[in-house]
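Structure file work20.cif (mmCIF, C-alpha atoms) is printed below.
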```
data_target
#
loop_
_atom_site.label_atom_id
_atom_site.label_comp_id
_atom_site.auth_asym_id
_atom_site.auth_seq_id
_atom_site.Cartn_x
_atom_site.Cartn_y
_atom_site.Cartn_z
CA MET A 1 4.74 -18.37 13.67
CA LYS A 2 5.29 -15.32 11.48
CA HIS A 3 2.53 -12.97 10.36
CA VAL A 4 2.76 -11.22 6.97
CA MET A 5 0.59 -8.30 5.94
CA ILE A 6 0.51 -8.01 2.15
CA ASP A 7 -0.95 -5.50 -0.27
CA LEU A 8 -1.04 -5.66 -4.06
CA GLU A 9 -1.43 -2.90 -6.61
CA MET A 10 -2.72 -3.94 -10.03
CA ASN A 11 -2.92 -2.70 -13.59
CA SER A 12 -5.93 -3.21 -15.83
CA ILE A 13 -5.51 -5.38 -18.91
CA GLU A 14 -6.97 -3.42 -21.81
CA LYS A 15 -9.77 -4.66 -24.08
CA GLU A 16 -7.45 -5.17 -27.06
CA ASN A 17 -6.16 -8.14 -25.05
CA GLN A 18 -9.63 -9.64 -24.80
CA GLU A 19 -8.35 -13.20 -25.08
CA ILE A 20 -6.21 -12.62 -21.97
CA ARG A 21 -9.07 -10.81 -20.21
CA ASN A 22 -11.14 -13.97 -20.49
CA PHE A 23 -8.79 -15.40 -17.85
CA ILE A 24 -7.51 -12.40 -15.86
CA LYS A 25 -8.49 -8.75 -16.09
CA ARG A 26 -5.59 -7.30 -14.06
CA GLU A 27 -1.89 -7.86 -13.44
CA ILE A 28 -0.04 -7.25 -10.20
CA ILE A 29 2.43 -4.38 -10.58
CA GLU A 30 3.52 -3.94 -6.94
CA ILE A 31 3.85 -6.18 -3.90
CA GLY A 32 4.21 -4.58 -0.49
CA ALA A 33 4.62 -6.76 2.59
CA VAL A 34 5.41 -6.46 6.29
CA MET A 35 6.49 -9.38 8.46
CA MET A 36 5.80 -9.62 12.20
CA ASP A 37 7.16 -12.14 14.69
CA ASP A 38 5.08 -14.13 17.16
CA GLN A 39 5.03 -11.09 19.46
CA TYR A 40 3.54 -8.99 16.62
CA LYS A 41 6.64 -6.88 16.29
CA ILE A 42 7.53 -5.75 12.76
CA ILE A 43 10.82 -7.36 11.80
CA LYS A 44 11.17 -6.67 8.07
CA GLN A 45 9.55 -5.14 5.02
CA LEU A 46 9.40 -5.84 1.30
CA ASN A 47 8.53 -3.58 -1.62
CA CYS A 48 8.73 -4.93 -5.17
CA TYR A 49 7.58 -3.46 -8.48
CA ILE A 50 6.55 -5.77 -11.32
CA LYS A 51 6.58 -5.06 -15.03
CA PRO A 52 3.17 -5.89 -16.55
CA GLU A 53 3.26 -8.43 -19.36
CA TYR A 54 0.27 -7.60 -21.52
CA ASN A 55 0.06 -3.82 -21.76
CA GLN A 56 1.58 -0.70 -20.27
CA ILE A 57 0.29 0.84 -17.07
CA VAL A 58 -2.87 2.77 -17.88
CA GLU A 59 -3.20 6.43 -16.92
CA LYS A 60 -5.89 5.96 -14.28
CA ILE A 61 -3.72 3.40 -12.45
CA THR A 62 -0.76 5.78 -12.48
CA GLU A 63 -3.00 8.51 -11.06
CA LEU A 64 -4.28 6.16 -8.34
CA THR A 65 -1.01 4.49 -7.32
CA GLY A 66 1.72 6.82 -8.53
CA ILE A 67 3.30 3.90 -10.41
CA SER A 68 4.44 4.88 -13.90
CA ASN A 69 5.72 2.86 -16.84
CA GLU A 70 9.16 4.35 -16.25
CA MET A 71 9.17 2.99 -12.70
CA VAL A 72 8.55 -0.59 -13.82
CA ALA A 73 10.51 -0.55 -17.10
CA SER A 74 13.39 -2.58 -15.67
CA SER A 75 11.43 -4.35 -12.92
CA LYS A 76 11.03 -8.08 -12.35
CA SER A 77 8.51 -10.30 -14.06
CA PHE A 78 5.63 -11.64 -11.95
CA LYS A 79 7.36 -15.01 -11.66
CA GLU A 80 10.64 -13.41 -10.54
CA ALA A 81 8.80 -11.21 -8.02
CA MET A 82 7.04 -14.25 -6.57
CA GLU A 83 10.36 -16.04 -6.23
CA GLU A 84 11.68 -13.02 -4.31
CA PHE A 85 8.57 -12.93 -2.12
CA ILE A 86 8.81 -16.64 -1.32
CA GLU A 87 12.50 -16.32 -0.46
CA TRP A 88 11.72 -13.27 1.71
CA ILE A 89 9.07 -15.23 3.64
CA GLY A 90 11.42 -18.15 4.27
CA ASP A 91 10.62 -21.74 5.17
CA GLY A 92 8.89 -21.42 8.53
CA GLU A 93 5.20 -21.31 9.37
CA VAL A 94 3.51 -18.12 8.27
CA ILE A 95 0.04 -16.65 7.89
CA ILE A 96 -0.64 -14.11 5.15
CA TYR A 97 -3.15 -11.31 5.73
CA SER A 98 -4.58 -8.77 3.31
CA TRP A 99 -7.25 -6.10 3.63
CA SER A 100 -10.10 -7.77 1.66
CA GLU A 101 -10.27 -10.96 -0.36
CA HIS A 102 -9.51 -9.25 -3.68
CA ASP A 103 -5.74 -9.58 -3.31
CA LEU A 104 -6.00 -13.32 -2.62
CA ASN A 105 -8.30 -13.84 -5.60
CA GLN A 106 -5.91 -11.92 -7.87
CA MET A 107 -2.85 -13.79 -6.60
CA ARG A 108 -4.56 -17.15 -7.07
CA LYS A 109 -5.72 -16.35 -10.62
CA GLU A 110 -2.41 -14.85 -11.72
CA CYS A 111 -0.32 -17.69 -10.32
CA GLU A 112 -2.53 -20.18 -12.10
CA PHE A 113 -2.57 -18.27 -15.40
CA LYS A 114 1.17 -17.56 -15.45
CA GLN A 115 2.00 -21.03 -14.14
CA VAL A 116 3.74 -19.90 -11.00
CA VAL A 117 3.46 -23.13 -9.03
CA GLY A 118 5.11 -25.04 -6.23
CA ASP A 119 4.55 -26.27 -2.70
CA ARG A 120 5.40 -22.90 -1.16
CA VAL A 121 2.99 -21.09 -3.51
CA ASP A 122 0.24 -23.52 -2.49
CA TYR A 123 1.13 -23.00 1.17
CA ILE A 124 0.85 -19.22 0.85
CA LEU A 125 -2.50 -19.36 -0.96
CA ASN A 126 -3.88 -21.82 1.61
CA HIS A 127 -2.71 -19.80 4.63
CA TRP A 128 -4.16 -16.47 3.55
CA VAL A 129 -6.64 -14.54 5.72
CA ASP A 130 -8.99 -11.75 4.71
CA PHE A 131 -8.22 -9.39 7.59
CA GLN A 132 -10.94 -6.95 6.56
CA GLU A 133 -13.46 -9.73 7.25
CA GLU A 134 -11.69 -10.69 10.49
CA PHE A 135 -11.76 -7.03 11.55
CA GLY A 136 -15.54 -6.98 11.09
CA LYS A 137 -15.91 -10.18 13.10
CA LEU A 138 -13.85 -8.73 15.94
CA LEU A 139 -16.22 -5.76 16.04
CA GLY A 140 -19.32 -7.86 15.54
CA ILE A 141 -20.43 -5.96 12.44
CA GLU A 142 -21.14 -7.04 8.87
CA LYS A 143 -20.24 -3.71 7.27
CA LYS A 144 -16.95 -3.80 5.34
CA ILE A 145 -14.74 -0.98 6.57
CA SER A 146 -12.08 0.63 4.37
CA LEU A 147 -8.48 0.50 5.57
CA ASN A 148 -8.27 4.28 5.70
CA TYR A 149 -11.43 4.46 7.84
CA ALA A 150 -10.16 1.74 10.17
CA VAL A 151 -6.85 3.56 10.65
CA GLY A 152 -8.64 6.82 11.41
CA ALA A 153 -10.98 5.12 13.87
CA ALA A 154 -7.96 3.61 15.62
CA GLU A 155 -6.73 7.15 16.30
CA LEU A 156 -3.74 6.53 14.04
CA SER A 157 -2.44 8.68 11.23
CA PHE A 158 -2.38 6.85 7.90
CA GLU A 159 1.31 6.30 7.21
CA GLY A 160 2.41 7.20 3.70
CA GLN A 161 0.26 7.28 0.60
CA GLU A 162 -2.91 5.28 0.03
CA HIS A 163 -2.63 2.74 -2.79
CA ASN A 164 1.07 2.39 -2.18
CA ALA A 165 1.45 -1.33 -1.52
CA LEU A 166 4.01 -1.07 1.29
CA CYS A 167 2.16 1.78 3.02
CA ASP A 168 -1.13 -0.13 2.88
CA ALA A 169 0.60 -3.23 4.27
CA LEU A 170 2.14 -1.20 7.10
CA ASN A 171 -1.18 0.37 8.05
CA THR A 172 -2.84 -3.04 8.00
CA ALA A 173 -0.09 -4.24 10.34
CA TYR A 174 -0.84 -1.43 12.80
CA ILE A 175 -4.53 -2.40 12.92
CA PHE A 176 -3.50 -6.05 13.34
CA GLN A 177 -1.22 -5.17 16.26
CA LEU A 178 -4.03 -3.19 17.91
CA SER A 179 -6.44 -6.12 17.50
CA LYS A 180 -4.17 -8.26 19.69
CA ASP A 181 -4.89 -6.00 22.69
CA GLN A 182 -8.57 -6.85 23.12
CA GLU A 183 -9.37 -4.27 25.81
CA LYS A 184 -7.68 -1.41 23.95
CA PHE A 185 -9.14 -2.55 20.63
CA GLN A 186 -12.70 -2.47 21.94
CA ARG A 187 -12.17 0.92 23.58
CA VAL A 188 -10.52 2.56 20.59
CA MET A 189 -13.00 1.11 18.11
CA GLN A 190 -16.08 2.13 20.10
CA PRO A 191 -17.00 4.89 17.59
CA ILE A 192 -17.28 2.26 14.84
CA LEU A 193 -19.39 0.06 17.12
CA ASP A 194 -21.70 2.97 17.87
CA LEU A 195 -22.01 3.79 14.19
CA PHE A 196 -22.53 0.35 12.66
CA ARG A 197 -23.89 -2.01 15.29
CA PRO A 198 -27.69 -2.28 15.16
CA LYS A 199 -29.27 -0.45 18.07
CA GLU A 200 -31.74 -2.27 20.28
CA THR A 201 -35.17 -0.66 20.20
CA ALA A 202 -37.69 -1.02 22.97
CA PHE A 203 -41.31 -0.66 21.87
CA THR A 204 -44.85 -1.72 22.71
CA ILE A 205 -47.47 -3.00 20.33
CA GLY A 206 -49.40 0.19 20.90
CA GLU A 207 -46.83 2.20 19.00
CA PHE A 208 -47.71 0.34 15.81
CA LEU A 209 -51.53 0.19 16.04
CA PRO A 210 -53.94 3.00 15.04
CA LYS A 211 -55.61 4.74 17.99
CA ASP A 212 -59.12 3.83 16.81
CA LEU A 213 -58.14 0.15 16.73
CA LEU A 214 -56.70 0.40 20.22
CA MET A 215 -59.94 1.89 21.48
CA SER A 216 -61.89 -1.08 20.12
CA LEU A 217 -59.74 -3.69 21.80
CA PRO A 218 -61.40 -5.33 24.85
CA GLU A 219 -59.96 -4.48 28.24
CA GLN A 220 -58.16 -7.31 30.00
#
```
Using C-alpha cells, write down the structure that the file contains.
Amino acid sequence: MKHVMIDLEMNSIEKENQEIRNFIKREIIEIGAVMMDDQYKIIKQLNCYIKPEYNQIVEKITELTGISNEMVASSKSFKEAMEEFIEWIGDGEVIIYSWSEHDLNQMRKECEFKQVVGDRVDYILNHWVDFQEEFGKLLGIEKKISLNYAVGAAELSFEGQEHNALCDALNTAYIFQLSKDQEKFQRVMQPILDLFRPKETAFTIGEFLPKDLLMSLPEQ
C-alpha cells in the first residue's frame, strides 16, 4: 500500500466567465505530491504546473503562490497533468491524503466539468482522505488546525514556501509520518492538546447560587 500526500494550488475564474463559474469557480494550476511506501518512507515526488483554461492567473494568486502566467505559459492542460499524475501513481493500491477537504472537492468538480474520467480517476477520488480531519481525530479535538500551525507544534521547521504545492505536500507527509509513532505524536502534540481540548471543571452547586438563597435552604 502506497500513501500519497497531495496539495493543489488554484486560480480564481473571473466574473466575466460567469457561465463557467456556475459550475466551477477555480482551476487547478499546480499539483504537488509525495509518495510514501508501506513503511512511510518518502520514495518519490511530483511537481506539475497547469495552464489555466479560462483566464490568466490573477494577481492575488501570483502574490500568494508565486506562480505567474509566464511560469505556466507552456505547461500542460489539466487533462494532461492528470494523465501524468495517474501514471506517476501507478497501478497498485494507494491512499491519497490532503490537508482539508477543499482539494478533494476541487479535484472532483474539475474532473467532472472537464470530463477527465476513467477507472483510475474514480479510484483516486474514492480513496482520498482529509488528513486535516484525521489529524483532529488523532488529537481528540474538533478545531481545524492549519498545516503551518501543525508543523510548528510538531517542532519541525516548515520546509520551503507556504502555498507551494510540493512544499505543502512534503510538510503534510512529515506530520503523517509523525502520526504513525503514537507515543511520540502524543508527546510532541501536547501543546495543542493543552490549548484546544476542553478542560474539566470541578464545581459545586454553591458556586452558582446567590448567598441569600443558600442561607434560605434548609439544612440536611
Given the point (0.8, -9.1, 18.5) in the coordinates of this file, which residues lie within 9 Å, counting only C-alpha atoms, and how would they look as a PyMOL selection string? chain A and resi 36-41+176-181
Residue members of the PyMOL selection byres ((chain A and resi 143-154) around 10) in the file shown, as a PyMOL selection string = chain A and resi 99-100+132-133+135-137+139-142+155-159+162+168-169+171-172+174-175+178+184-192+196-197
message: Once the PyMOL selection byres ((chain A and resi 75-81) around 9) is applied to the coordinates I shared, what remains selected? I want it as a ChimeraX atom specification.
response: /A:27-29,31,48-53,71-74,82-86,110-111,114-116
Between CA of His163 in chain A and CA of Asn22 in chain A lies a distance of 25.8 Å
If the PyMOL selection byres ((chain A and resi 54) around 10) were run on this exact file, what residues would it hold? Put them as a PyMOL selection string. chain A and resi 11-14+16-17+20-21+26-27+51-53+55-57
Would you be able to write out as a compact mmCIF listing (two decimals) with C-alpha atoms, in the coordinates of the input which residues have an atom within 7 Å of (11.6, -12.0, 4.5) in the file's coordinates, counting only C-alpha atoms?
```txt
# COMPACT_ATOMS: atom_id res chain seq x y z
CA MET A 35 6.49 -9.38 8.46
CA LYS A 44 11.17 -6.67 8.07
CA GLU A 87 12.50 -16.32 -0.46
CA TRP A 88 11.72 -13.27 1.71
CA ILE A 89 9.07 -15.23 3.64
CA GLY A 90 11.42 -18.15 4.27
```
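Excluding Leu104 in chain A and any residue on its chain fewer than 5 positions from it, the residues at most 8 Å away by all atoms listed in the file are Ser98, Leu125 and Trp128 of chain A.
Closest to Asp7 in chain A among A:Glu101, A:Asp119, A:Glu59, A:Glu134 is A:Glu101, based on all atoms listed in the file.
Counting from CA of Val58 in chain A, the distance to CA of Leu46 in chain A is 24.3 Å.
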CA of Asn164 in chain A sits from CA of Thr65 in chain A at a separation of 5.9 Å
